[in-house]
Structure formats: structure tokens, C-alpha cells
file structure-v5.txt (compact mmCIF, C-alpha atoms)
# COMPACT_ATOMS: atom_id res chain seq x y z
CA MET Z 1 90.22 243.41 15.97
CA THR Z 2 87.15 242.48 13.88
CA GLY Z 3 88.42 238.94 13.46
CA LEU Z 4 89.13 238.61 17.18
CA LEU Z 5 85.65 239.79 18.14
CA ALA Z 6 84.04 237.59 15.49
CA ALA Z 7 85.96 234.56 16.77
CA PHE Z 8 85.03 235.23 20.39
CA PHE Z 9 81.33 235.96 19.97
CA SER Z 10 80.66 233.19 17.46
CA SER Z 11 82.40 230.67 19.72
CA PHE Z 12 80.61 232.00 22.81
CA ILE Z 13 77.18 231.80 21.17
CA ALA Z 14 77.85 228.39 19.62
CA THR Z 15 78.86 227.02 23.02
CA LEU Z 16 75.73 228.48 24.60
CA LEU Z 17 73.55 226.80 21.97
CA ILE Z 18 75.29 223.44 22.42
CA ILE Z 19 74.64 223.58 26.16
CA ARG Z 20 71.09 224.90 25.83
CA PHE Z 21 70.02 222.15 23.41
CA GLN Z 22 72.12 219.30 24.77
CA HIS Z 23 68.96 217.26 25.32
CA LEU Z 24 68.74 216.93 21.54
CA HIS Z 25 72.24 215.56 21.00
CA SER Z 26 73.40 214.19 24.38
CA GLN Z 27 73.00 210.59 23.23
CA PHE Z 28 75.87 211.24 20.82
CA SER Z 29 77.83 214.12 22.32
CA ALA Z 30 77.73 213.55 26.08
CA ASP Z 31 80.61 212.17 28.10
CA SER Z 32 78.65 209.57 30.05
CA ASP Z 33 81.66 207.62 31.34
CA LEU Z 34 81.94 208.72 34.96
CA SER Z 35 84.27 205.96 36.18
CA GLY Z 36 87.49 206.30 34.13
CA PRO Z 37 90.85 207.19 35.73
CA GLN Z 38 90.61 210.73 34.33
CA LYS Z 39 86.88 211.28 34.98
CA PHE Z 40 86.07 213.78 37.70
CA HIS Z 41 82.54 214.88 36.83
CA LYS Z 42 79.32 213.59 38.36
CA PHE Z 43 76.91 214.23 35.50
CA SER Z 44 76.82 213.62 31.78
CA VAL Z 45 78.31 216.65 29.98
CA PRO Z 46 78.65 217.48 26.25
CA ARG Z 47 82.21 216.91 25.08
CA ILE Z 48 81.98 218.69 21.72
CA GLY Z 49 83.30 222.11 22.72
CA GLY Z 50 85.74 221.82 19.84
CA ILE Z 51 82.86 222.62 17.49
CA SER Z 52 82.53 226.07 19.06
CA ILE Z 53 86.25 226.76 18.65
CA ALA Z 54 86.15 225.58 15.03
CA ILE Z 55 83.17 227.86 14.38
CA GLY Z 56 85.09 230.74 15.94
CA ILE Z 57 88.16 230.48 13.72
CA PHE Z 58 85.99 229.73 10.66
CA THR Z 59 83.94 232.89 11.26
CA ALA Z 60 87.10 234.95 11.78
CA THR Z 61 88.50 233.59 8.53
CA LEU Z 62 85.36 234.62 6.64
CA PHE Z 63 85.65 238.16 8.01
CA ARG Z 64 89.32 238.18 7.03
CA LEU Z 65 88.53 237.12 3.48
CA GLN Z 66 85.91 239.85 3.14
CA SER Z 67 88.38 242.59 4.04
CA ASN Z 68 91.39 240.96 2.38
CA PRO Z 69 90.47 238.47 -0.39
CA GLY Z 70 94.13 237.56 -0.87
CA SER Z 71 94.45 236.07 2.62
CA THR Z 72 95.38 232.55 1.56
CA ILE Z 73 97.54 231.52 4.51
CA GLU Z 74 94.67 231.79 7.00
CA THR Z 75 92.38 229.73 4.77
CA THR Z 76 95.08 227.15 4.08
CA LEU Z 77 95.80 226.69 7.79
CA LEU Z 78 92.10 226.22 8.44
CA VAL Z 79 91.90 223.55 5.73
CA CYS Z 80 95.04 221.81 7.02
CA ALA Z 81 93.48 221.60 10.49
CA ILE Z 82 90.42 219.71 9.22
CA PRO Z 83 91.84 216.14 9.44
CA THR Z 84 92.95 216.42 13.06
CA PHE Z 85 89.77 218.19 14.16
CA ALA Z 86 87.53 215.79 12.24
CA ILE Z 87 89.10 212.64 13.69
CA GLY Z 88 88.99 214.11 17.20
CA LEU Z 89 85.34 215.06 16.81
CA THR Z 90 84.59 211.57 15.48
CA GLU Z 91 86.05 210.15 18.69
CA ASP Z 92 83.92 212.56 20.73
CA LEU Z 93 80.76 211.36 19.00
CA THR Z 94 81.49 207.63 18.65
CA LYS Z 95 84.00 206.93 21.46
CA LYS Z 96 85.49 204.29 19.14
CA VAL Z 97 88.50 205.96 17.48
CA GLY Z 98 91.82 204.67 18.81
CA ILE Z 99 94.88 206.76 19.59
CA LYS Z 100 96.84 205.43 16.59
CA THR Z 101 94.13 206.51 14.16
CA ARG Z 102 93.97 209.96 15.72
CA LEU Z 103 97.73 210.34 15.48
CA ILE Z 104 97.74 209.24 11.83
CA PHE Z 105 95.15 211.85 10.87
CA THR Z 106 97.01 214.51 12.85
CA ALA Z 107 100.23 213.54 11.05
CA ILE Z 108 98.41 213.97 7.73
CA ALA Z 109 97.31 217.45 8.82
CA ALA Z 110 100.89 218.29 9.84
CA GLY Z 111 102.18 217.04 6.49
CA MET Z 112 99.68 219.24 4.67
CA ALA Z 113 100.80 222.28 6.67
CA ALA Z 114 104.45 221.50 5.97
CA ILE Z 115 103.81 221.24 2.22
CA TYR Z 116 101.31 224.03 1.66
CA LEU Z 117 102.37 226.51 4.36
CA GLY Z 118 106.07 225.79 4.59
CA ALA Z 119 105.60 224.98 8.26
CA LEU Z 120 108.94 223.22 8.69
CA ILE Z 121 111.34 223.19 11.62
CA PRO Z 122 114.42 224.62 9.90
CA ARG Z 123 117.02 224.24 12.64
CA LEU Z 124 117.68 223.45 16.30
CA ASP Z 125 120.98 225.34 16.59
CA ILE Z 126 122.69 222.04 17.37
CA PRO Z 127 125.69 221.10 15.18
CA GLY Z 128 125.05 217.90 13.25
CA ILE Z 129 121.30 217.93 13.93
CA ASP Z 130 120.86 221.02 11.78
CA TYR Z 131 122.73 219.25 8.97
CA LEU Z 132 120.32 216.31 9.20
CA LEU Z 133 117.29 218.60 9.16
CA ALA Z 134 118.58 220.12 5.93
CA LEU Z 135 118.55 216.73 4.19
CA PRO Z 136 115.57 216.04 1.88
CA GLY Z 137 112.68 214.51 3.79
CA ILE Z 138 114.30 214.57 7.24
CA GLY Z 139 113.04 218.05 8.11
CA ILE Z 140 109.44 217.28 7.13
CA ILE Z 141 109.43 213.98 9.02
CA PHE Z 142 110.78 215.66 12.16
CA THR Z 143 108.23 218.47 11.84
CA ILE Z 144 105.32 216.05 11.41
CA PHE Z 145 106.47 214.15 14.49
CA ALA Z 146 106.77 217.34 16.56
CA VAL Z 147 103.44 218.84 15.46
CA THR Z 148 101.59 215.55 15.99
CA GLY Z 149 103.14 215.19 19.42
CA LEU Z 150 102.12 218.68 20.54
CA ALA Z 151 98.57 218.25 19.25
CA ASN Z 152 98.28 215.02 21.23
CA ALA Z 153 99.86 216.71 24.25
CA TYR Z 154 96.95 219.13 24.52
CA ASN Z 155 94.62 216.15 24.61
CA ILE Z 156 96.70 214.58 27.38
CA ILE Z 157 96.55 217.66 29.61
CA ASP Z 158 92.81 218.10 29.01
CA GLY Z 159 91.79 216.65 32.36
CA PHE Z 160 90.13 219.43 34.35
CA ASN Z 161 87.86 222.39 33.75
CA GLY Z 162 89.76 225.18 32.03
CA LEU Z 163 93.12 223.43 32.04
CA SER Z 164 93.94 222.74 28.39
CA SER Z 165 91.97 225.72 27.10
CA MET Z 166 93.64 228.30 29.37
CA VAL Z 167 97.08 226.81 28.75
CA GLY Z 168 96.31 227.33 25.08
CA ILE Z 169 95.24 230.96 25.64
CA ILE Z 170 98.36 231.76 27.69
CA THR Z 171 100.59 230.19 25.05
CA LEU Z 172 98.84 232.03 22.22
CA LEU Z 173 99.24 235.34 24.03
CA GLY Z 174 102.95 234.58 24.34
CA LEU Z 175 103.10 233.88 20.61
CA THR Z 176 101.20 237.11 19.98
CA TYR Z 177 103.73 239.11 21.97
CA VAL Z 178 106.74 237.68 20.14
CA SER Z 179 104.97 238.09 16.79
CA TYR Z 180 104.42 241.75 17.64
CA THR Z 181 108.05 242.14 18.72
CA VAL Z 182 109.40 240.81 15.41
CA GLY Z 183 106.77 242.66 13.37
CA ASP Z 184 104.69 239.75 12.06
CA PRO Z 185 101.01 240.84 11.99
CA LEU Z 186 99.87 237.60 10.32
CA MET Z 187 101.15 235.42 13.15
CA MET Z 188 99.61 237.88 15.61
CA TYR Z 189 96.26 237.54 13.87
CA LEU Z 190 96.35 233.74 13.77
CA SER Z 191 97.27 233.61 17.45
CA LEU Z 192 94.61 236.07 18.57
CA VAL Z 193 91.68 234.57 16.63
CA MET Z 194 92.38 231.16 18.15
CA ALA Z 195 92.74 232.74 21.60
CA GLY Z 196 89.40 234.51 21.10
CA SER Z 197 87.72 231.31 19.96
CA ILE Z 198 89.03 229.42 22.98
CA LEU Z 199 87.92 232.20 25.33
CA GLY Z 200 84.36 231.98 24.00
CA PHE Z 201 84.36 228.31 25.01
CA PHE Z 202 86.34 228.81 28.23
CA LEU Z 203 83.74 231.07 29.84
CA TRP Z 204 81.24 228.19 29.72
CA ASN Z 205 83.74 225.49 30.66
CA TYR Z 206 85.31 227.14 33.71
CA PRO Z 207 84.71 226.77 36.59
CA ARG Z 208 81.56 224.59 36.52
CA GLY Z 209 82.31 222.44 33.50
CA LEU Z 210 79.04 222.94 31.62
CA ILE Z 211 80.75 221.66 28.46
CA PHE Z 212 84.00 219.83 27.75
CA LEU Z 213 86.64 220.53 25.12
CA GLY Z 214 86.67 216.98 23.79
CA ASP Z 215 89.33 215.39 21.61
CA GLY Z 216 88.29 217.51 18.63
CA GLY Z 217 88.88 220.74 20.52
CA ALA Z 218 92.11 219.62 22.20
CA TYR Z 219 93.66 218.38 18.95
CA LEU Z 220 92.57 221.52 17.10
CA ILE Z 221 94.12 223.83 19.71
CA GLY Z 222 97.35 221.84 19.92
CA PHE Z 223 97.69 221.61 16.13
CA TRP Z 224 97.01 225.32 15.61
CA ILE Z 225 99.54 226.35 18.26
CA ALA Z 226 102.13 223.93 16.89
CA ILE Z 227 101.85 225.27 13.34
CA ILE Z 228 101.98 228.93 14.44
CA THR Z 229 105.05 228.19 16.57
CA VAL Z 230 106.85 226.41 13.73
CA MET Z 231 105.94 229.10 11.19
CA LEU Z 232 107.02 231.92 13.51
CA VAL Z 233 110.47 230.40 13.99
CA ALA Z 234 110.77 229.55 10.27
CA ARG Z 235 109.80 233.08 9.19
CA HIS Z 236 112.25 234.84 11.54
CA GLN Z 237 115.85 233.70 11.75
CA ASN Z 238 116.47 235.82 14.85
CA ILE Z 239 114.03 233.70 16.91
CA SER Z 240 115.77 230.80 18.63
CA PRO Z 241 114.35 227.39 17.67
CA TRP Z 242 114.41 226.57 21.40
CA PHE Z 243 111.73 229.23 21.82
CA ALA Z 244 109.33 226.74 20.21
CA LEU Z 245 110.21 224.17 22.85
CA LEU Z 246 110.12 226.44 25.89
CA ILE Z 247 106.84 228.19 25.08
CA ASN Z 248 105.20 224.75 24.81
CA ALA Z 249 107.23 223.19 27.62
CA TYR Z 250 104.42 222.12 29.94
CA PRO Z 251 102.32 220.02 27.49
CA ILE Z 252 105.49 218.62 25.87
CA LEU Z 253 107.05 217.62 29.18
CA GLU Z 254 103.78 216.15 30.46
CA THR Z 255 103.61 213.96 27.35
CA LEU Z 256 107.25 212.82 27.47
CA PHE Z 257 107.03 212.11 31.20
CA THR Z 258 103.82 210.13 30.68
CA ILE Z 259 105.47 208.00 27.99
CA TYR Z 260 108.49 207.37 30.22
CA ARG Z 261 106.38 206.59 33.29
CA ARG Z 262 104.02 204.19 31.56
CA LYS Z 263 106.24 202.58 28.93
CA ILE Z 264 109.57 202.32 30.71
CA HIS Z 265 108.78 202.54 34.41
CA GLN Z 266 105.46 200.62 34.41
CA GLY Z 267 105.73 198.61 31.18
CA LYS Z 268 102.25 199.66 30.05
CA ASN Z 269 100.77 201.13 26.88
CA PRO Z 270 101.38 204.92 27.03
CA GLY Z 271 98.27 205.51 24.91
CA LEU Z 272 95.87 204.26 27.58
CA PRO Z 273 94.16 206.63 30.09
CA ASP Z 274 96.41 207.51 32.99
CA GLY Z 275 95.38 208.37 36.53
CA ILE Z 276 98.68 209.85 37.73
CA HIS Z 277 99.26 212.79 35.42
CA PHE Z 278 100.62 215.85 37.22
CA HIS Z 279 97.21 217.55 37.16
CA THR Z 280 95.52 214.41 38.46
CA LEU Z 281 97.96 214.18 41.37
CA ILE Z 282 97.36 217.81 42.32
CA PHE Z 283 93.63 217.11 42.41
CA ARG Z 284 93.85 213.83 44.35
CA ARG Z 285 96.75 214.54 46.72
CA ILE Z 286 96.26 218.24 47.47
CA LEU Z 287 92.83 219.65 46.67
CA ASN Z 288 90.29 216.84 46.85
CA PRO Z 289 91.14 215.79 50.45
CA ILE Z 290 90.85 219.41 51.62
CA CYS Z 291 87.58 220.00 49.79
CA ASN Z 292 86.15 216.74 51.14
CA ALA Z 293 87.12 217.70 54.67
CA GLN Z 294 85.40 221.05 54.25
CA LYS Z 295 82.41 219.39 52.55
CA GLU Z 296 82.92 221.24 49.29
CA ASP Z 297 81.73 219.55 46.09
CA ILE Z 298 84.00 217.95 43.51
CA PHE Z 299 83.64 220.90 41.15
CA THR Z 300 85.34 223.13 43.70
CA ALA Z 301 88.41 220.90 43.76
CA ASN Z 302 88.22 220.49 39.99
CA ALA Z 303 88.20 224.23 39.37
CA LYS Z 304 91.03 224.84 41.84
CA THR Z 305 93.29 222.33 40.09
CA SER Z 306 93.78 224.15 36.80
CA PRO Z 307 95.33 227.38 38.21
CA TYR Z 308 98.27 225.32 39.52
CA LEU Z 309 99.07 224.28 35.96
CA TRP Z 310 98.41 227.75 34.57
CA VAL Z 311 101.15 229.04 36.86
CA LEU Z 312 103.43 226.16 35.82
CA THR Z 313 102.81 227.04 32.18
CA ALA Z 314 103.69 230.69 32.83
CA MET Z 315 106.97 229.61 34.43
CA ALA Z 316 108.11 228.45 30.99
CA ILE Z 317 106.37 231.05 28.83
CA VAL Z 318 107.67 234.13 30.67
CA PRO Z 319 111.36 233.37 30.03
CA ALA Z 320 110.47 232.26 26.50
CA ILE Z 321 109.02 235.66 25.59
CA LEU Z 322 111.76 237.56 27.44
CA TRP Z 323 114.74 235.81 25.83
CA TRP Z 324 113.24 234.45 22.59
CA HIS Z 325 116.36 235.47 20.66
CA SER Z 326 118.94 233.64 22.82
CA THR Z 327 119.43 229.91 22.28
CA ASN Z 328 121.77 229.56 25.26
CA ILE Z 329 119.28 231.12 27.68
CA MET Z 330 116.43 229.10 26.16
CA ILE Z 331 118.36 225.86 26.69
CA ALA Z 332 119.21 226.78 30.29
CA CYS Z 333 115.60 227.70 31.04
CA SER Z 334 114.38 224.44 29.47
CA PHE Z 335 116.61 222.41 31.78
CA ILE Z 336 115.57 224.45 34.81
CA PHE Z 337 111.89 224.00 33.98
CA THR Z 338 112.33 220.25 33.44
CA ALA Z 339 114.18 219.84 36.73
CA SER Z 340 111.53 221.87 38.56
CA TYR Z 341 108.71 219.81 37.05
CA ILE Z 342 110.33 216.50 38.03
CA TRP Z 343 111.15 217.72 41.54
CA ILE Z 344 107.62 218.95 42.23
CA TYR Z 345 106.06 215.83 40.71
CA LYS Z 346 108.24 213.59 42.88
CA ARG Z 347 107.35 215.52 46.01
CA VAL Z 348 103.62 215.30 45.30
CA VAL Z 349 103.61 211.62 44.32
CA THR Z 350 105.54 210.65 47.49
CA PHE Z 351 103.16 212.61 49.75
CA LYS Z 352 105.80 215.27 50.45
CA THR Z 353 104.00 218.17 48.82
CA PRO Z 354 105.75 221.51 49.52
CA SER Z 355 103.79 223.63 51.99
CA TRP Z 356 103.46 226.53 49.52
CA MET Z 357 101.35 224.32 47.23
CA HIS Z 358 98.62 223.90 49.82
CA PRO Z 359 95.81 226.42 49.36
CA TYR Z 360 95.04 226.77 53.07
call {"tool": "encode", "arguments": {"input": "structure-v5.txt", "output": "C-alpha cells"}}
result
Amino acid sequence: MTGLLAAFFSSFIATLLIIRFQHLHSQFSADSDLSGPQKFHKFSVPRIGGISIAIGIFTATLFRLQSNPGSTIETTLLVCAIPTFAIGLTEDLTKKVGIKTRLIFTAIAAGMAAIYLGALIPRLDIPGIDYLLALPGIGIIFTIFAVTGLANAYNIIDGFNGLSSMVGIITLLGLTYVSYTVGDPLMMYLSLVMAGSILGFFLWNYPRGLIFLGDGGAYLIGFWIAIITVMLVARHQNISPWFALLINAYPILETLFTIYRRKIHQGKNPGLPDGIHFHTLIFRRILNPICNAQKEDIFTANAKTSPYLWVLTAMAIVPAILWWHSTNIMIACSFIFTASYIWIYKRVVTFKTPSWMHPY
């Protein structure tokens, strides 16, 4: 509990200070690009919220070390997260770091976690695939690919106030519940301190968007969640490996669908900014026209977008935490969630939005 409170309050205060003194650092930290395909704010806003989250988990780790000097796993995870957070923060400050460089640094962080924490995907419960994962080097390569992909996925879904951060909190609470169920207090602690750190930022980010998460924050959240998920499955043989997929289904599916849509369907670079993500479509096709008609400002539509995706996230996480031990049910739920995502996306993009998705 001490670590959770330390993470929350230190993150909350750090975010407040960043906002209060933004006039001192806005020339470096502000998101001044108001015209991009994923830009929906009207004023320059600091995009270094990741610093607050990093301060939160760092403070919690210090408190942990004071009460338990032998807590090496928490410290090691924090150190492993440095490369992905640092390269994301560098992009936030310079706006000159390409996607390939960010992925390389995130892969390095994932490799460090695999080596020093044993964060390896041990199995998928698929005959033949499990044999390959057991071969030297194959398991670590697959894990690095998966962790890097999920970290980048949180950056992809970071398009509206409170979206990526609340998805992270919901997912971490799901991980906390399963950790409690299998009796793993360490995984509970790591999940809760990150959730507390994100919450300290979230209260300033949602609904008005006084500060943005930035690449540093998005990559840090995604990396942290990925490593906890992998470690939880690796530490408990009774947890289905498909639990790791289903509890992170929304950001994973958004990333895979983006790659398919841009690379295969459109023949474009999937690393470039995209204006037709699921969250973007909900904003443009459903909420923004209604808010414009009622003369509400853009922040109203922005804030109303994220809850749609919070509900979508819960649609995957609820069955994941209910049937975490059953691979067959996990696989079935994964297919159902994927089919539902594609069906809803197709309806929205073709201007056939289901009536229950309209807020009025």
C-alpha cells in the first residue's frame, strides 16, 4: 500500500509541476503540431507526461528498497525499462527520432528483461510451436518481438485524452486480480505501482488534456505491462499463455490491423501517422459531428471518445480474468473479440454505425 500511494502522489505532484511551469520548458516539451492526422488539440500542450509516470514507479521502488533491501526484481525491471523510456522521451523532446530507432531501443530493453528477469514466453499451448520456443534463441527472439510490439501498440492507441493511460490501468488491474488469484504478491505489487503512477498522470490528462502522455510514457506503460504479463505466465504453469494475448487484445489487434490496412490494403508505410485508427473513426464519424451540431468544443468530443475504447478493452479483459486457466476458452474468446472488432470497425468506416454506439 505504501508503494502504491508513493507512486500515485509522486506522479500526481510531478504532473502538476510540469503543467504549472510549462512556460519554462514548452519550447522543448510542447506538442506544437496541430495539423497532423492524429492531432485533435487546439493549443500547444506538454507531451512529457511519461516523466511523471517514471517518477512514480521510481519513488515506489525506493520505498520498496527501504522496507525490503533484497527486492532486486523491482529494481531490475526499472533498469530494463530505461532504454525504451529514454528513447521515447528523446522523441518527445526533439521530435526527430524515427520509429525504427524507437523499436530497436525497445527491443534492447526487452532483451535485457528476458536475460536478467527471465521474462520469456515459455509456451503457446500449440503443438510444434512450443517445440520451436524451446529451442535455444527462438524463445528469446519471439519474446523480444512480442514485448516490442506491445510497447509500440500503446503508442499507437495514444490518440485521445485518457485513452492509452486508462487502457493501461484497466489492464494492470486485470493483471493484479490474476496475480492475487494465483498468490503472486510481487506481480500484484508491480502492477499496482504502475497503475498508481498512471492514475496520478491520468487525473491531469482527462478530460481536458492539460498534458499528454508522449512517446516516453506510452512506451514505458506498454513495456511494463508486457513484461509483467510475460513473467506472470512464465511463473505460473496453470495460467494459459493465451491469457497474455487476450488481456492485451485491444492494443495488439489495433496494431496488427493498422499494419494490415496500411501495408497490404493501402501499400503505405505502417510506421507513418494514421488518420483512420479505430479511435480516430469514432471521434470523426460519431462524436465530432454531434458535438459540432450542438456547438460543443473539440475537447468534449475528444473526452467522449476514450470511454468507447475503455469498454472495448474490458470486453477482452473480463473473459481473460474469468477463464485465465483455460486455453480453449481463451482461444475462443480471442476469435470472438477479433471478429467483433472487425465487424464494428467495418460498420463505422462505411458510415453504418450501429445505433447503440450513438451517444444521443
call {"tool": "atom_distance", "arguments": {"input": "structure-v5.txt", "atom1": "CA of Ile104 in chain Z", "atom2": "CA of Gly168 in chain Z"}}
result
22.5 Å
call {"tool": "closest_residue", "arguments": {"input": "structure-v5.txt", "among": "Z:Thr181, Z:Thr353, Z:Ser334, Z:Thr305", "to": "Ile317 in chain Z", "atoms": "only C-alpha atoms"}}
result
Z:Ser334
call {"tool": "closest_atom_pairs", "arguments": {"input": "structure-v5.txt", "of": "range 138-202 of chain Z", "to": "range 281-284 of chain Z", "cutoff": "12 Å", "atoms": "only C-alpha atoms", "output": "JSON lines"}}
result
{"residue": "Z:Gly159", "atom": "CA", "partner": "Z:Phe283", "partner_atom": "CA", "distance": 10.2}
{"residue": "Z:Phe160", "atom": "CA", "partner": "Z:Phe283", "partner_atom": "CA", "distance": 9.1}
{"residue": "Z:Asn161", "atom": "CA", "partner": "Z:Phe283", "partner_atom": "CA", "distance": 11.7}
call {"tool": "residues_around", "arguments": {"input": "structure-v5.txt", "residues": "range 124-135 of chain Z", "least_positions_apart": "5", "cutoff": "10 Å", "atoms": "only C-alpha atoms", "output": "list in words"}}
result
Ile140, Ile141, Phe142, Thr143, Ser240, Pro241, Trp242, Phe243, Ala244, Leu245, Thr327 and Asn328 of chain Z
call {"tool": "closest_residue", "arguments": {"input": "structure-v5.txt", "among": "Z:Met166, Z:Ala314, Z:Ala107, Z:Ala151", "to": "Asn205 in chain Z", "atoms": "only C-alpha atoms"}}
result
Z:Met166
call {"tool": "residues_around", "arguments": {"input": "structure-v5.txt", "residues": "Phe212 in chain Z", "least_positions_apart": "2", "cutoff": "6 Å", "atoms": "all atoms listed in the file", "output": "number ranges by chain"}}
result
Z: 47, 49, 214
call {"tool": "residues_around", "arguments": {"input": "structure-v5.txt", "residues": "Ser26 in chain Z", "least_positions_apart": "3", "cutoff": "10 Å", "atoms": "only C-alpha atoms", "output": "list of chain:residue names"}}
result
Z:Ile18, Z:Ile19, Z:Phe21, Z:Gln22, Z:His23, Z:Ser29, Z:Ala30, Z:Asp31, Z:Ser32, Z:Ser44, Z:Val45, Z:Pro46, Z:Arg47, Z:Leu93
call {"tool": "write_last_selection", "arguments": {"input": "structure-v5.txt", "atoms": "C-alpha atoms", "output": "compact mmCIF listing (two decimals), keeping the file's coordinate frame"}}
result
# COMPACT_ATOMS: atom_id res chain seq x y z
CA ILE Z 18 75.29 223.44 22.42
CA ILE Z 19 74.64 223.58 26.16
CA PHE Z 21 70.02 222.15 23.41
CA GLN Z 22 72.12 219.30 24.77
CA HIS Z 23 68.96 217.26 25.32
CA SER Z 29 77.83 214.12 22.32
CA ALA Z 30 77.73 213.55 26.08
CA ASP Z 31 80.61 212.17 28.10
CA SER Z 32 78.65 209.57 30.05
CA SER Z 44 76.82 213.62 31.78
CA VAL Z 45 78.31 216.65 29.98
CA PRO Z 46 78.65 217.48 26.25
CA ARG Z 47 82.21 216.91 25.08
CA LEU Z 93 80.76 211.36 19.00
call {"tool": "atom_distance", "arguments": {"input": "structure-v5.txt", "atom1": "CA of Asn238 in chain Z", "atom2": "CA of Trp324 in chain Z"}}
result
8.5 Å
call {"tool": "residues_near_point", "arguments": {"input": "structure-v5.txt", "point": "(107.3, 231.5, 4.8)", "cutoff": "10 Å", "atoms": "all atoms listed in the file", "output": "PyMOL selection string"}}
result
chain Z and resi 73+117-120+231-236
call {"tool": "closest_residue", "arguments": {"input": "structure-v5.txt", "among": "Z:Arg262, Z:Ser326, Z:Val167, Z:Pro251", "to": "Pro307 in chain Z", "atoms": "only C-alpha atoms"}}
result
Z:Val167
call {"tool": "closest_residue", "arguments": {"input": "structure-v5.txt", "among": "Z:Phe335, Z:Phe9, Z:Tyr345, Z:Phe85", "to": "Leu246 in chain Z", "atoms": "only C-alpha atoms"}}
result
Z:Phe335
call {"tool": "residues_near_point", "arguments": {"input": "structure-v5.txt", "point": "(98.8, 207.9, 39.8)", "cutoff": "12 Å", "atoms": "all atoms listed in the file", "output": "MDAnalysis selection string"}}
result
chainID Z and resid 37:38 258 261:262 266 273:285 345:346 348:351
call {"tool": "atom_distance", "arguments": {"input": "structure-v5.txt", "atom1": "CA of Asn152 in chain Z", "atom2": "CA of Gly88 in chain Z"}}
result
10.2 Å
call {"tool": "closest_residue", "arguments": {"input": "structure-v5.txt", "among": "Z:Ile51, Z:Val97, Z:Ala146, Z:Ile321", "to": "Tyr177 in chain Z", "atoms": "all atoms listed in the file"}}
result
Z:Ile321
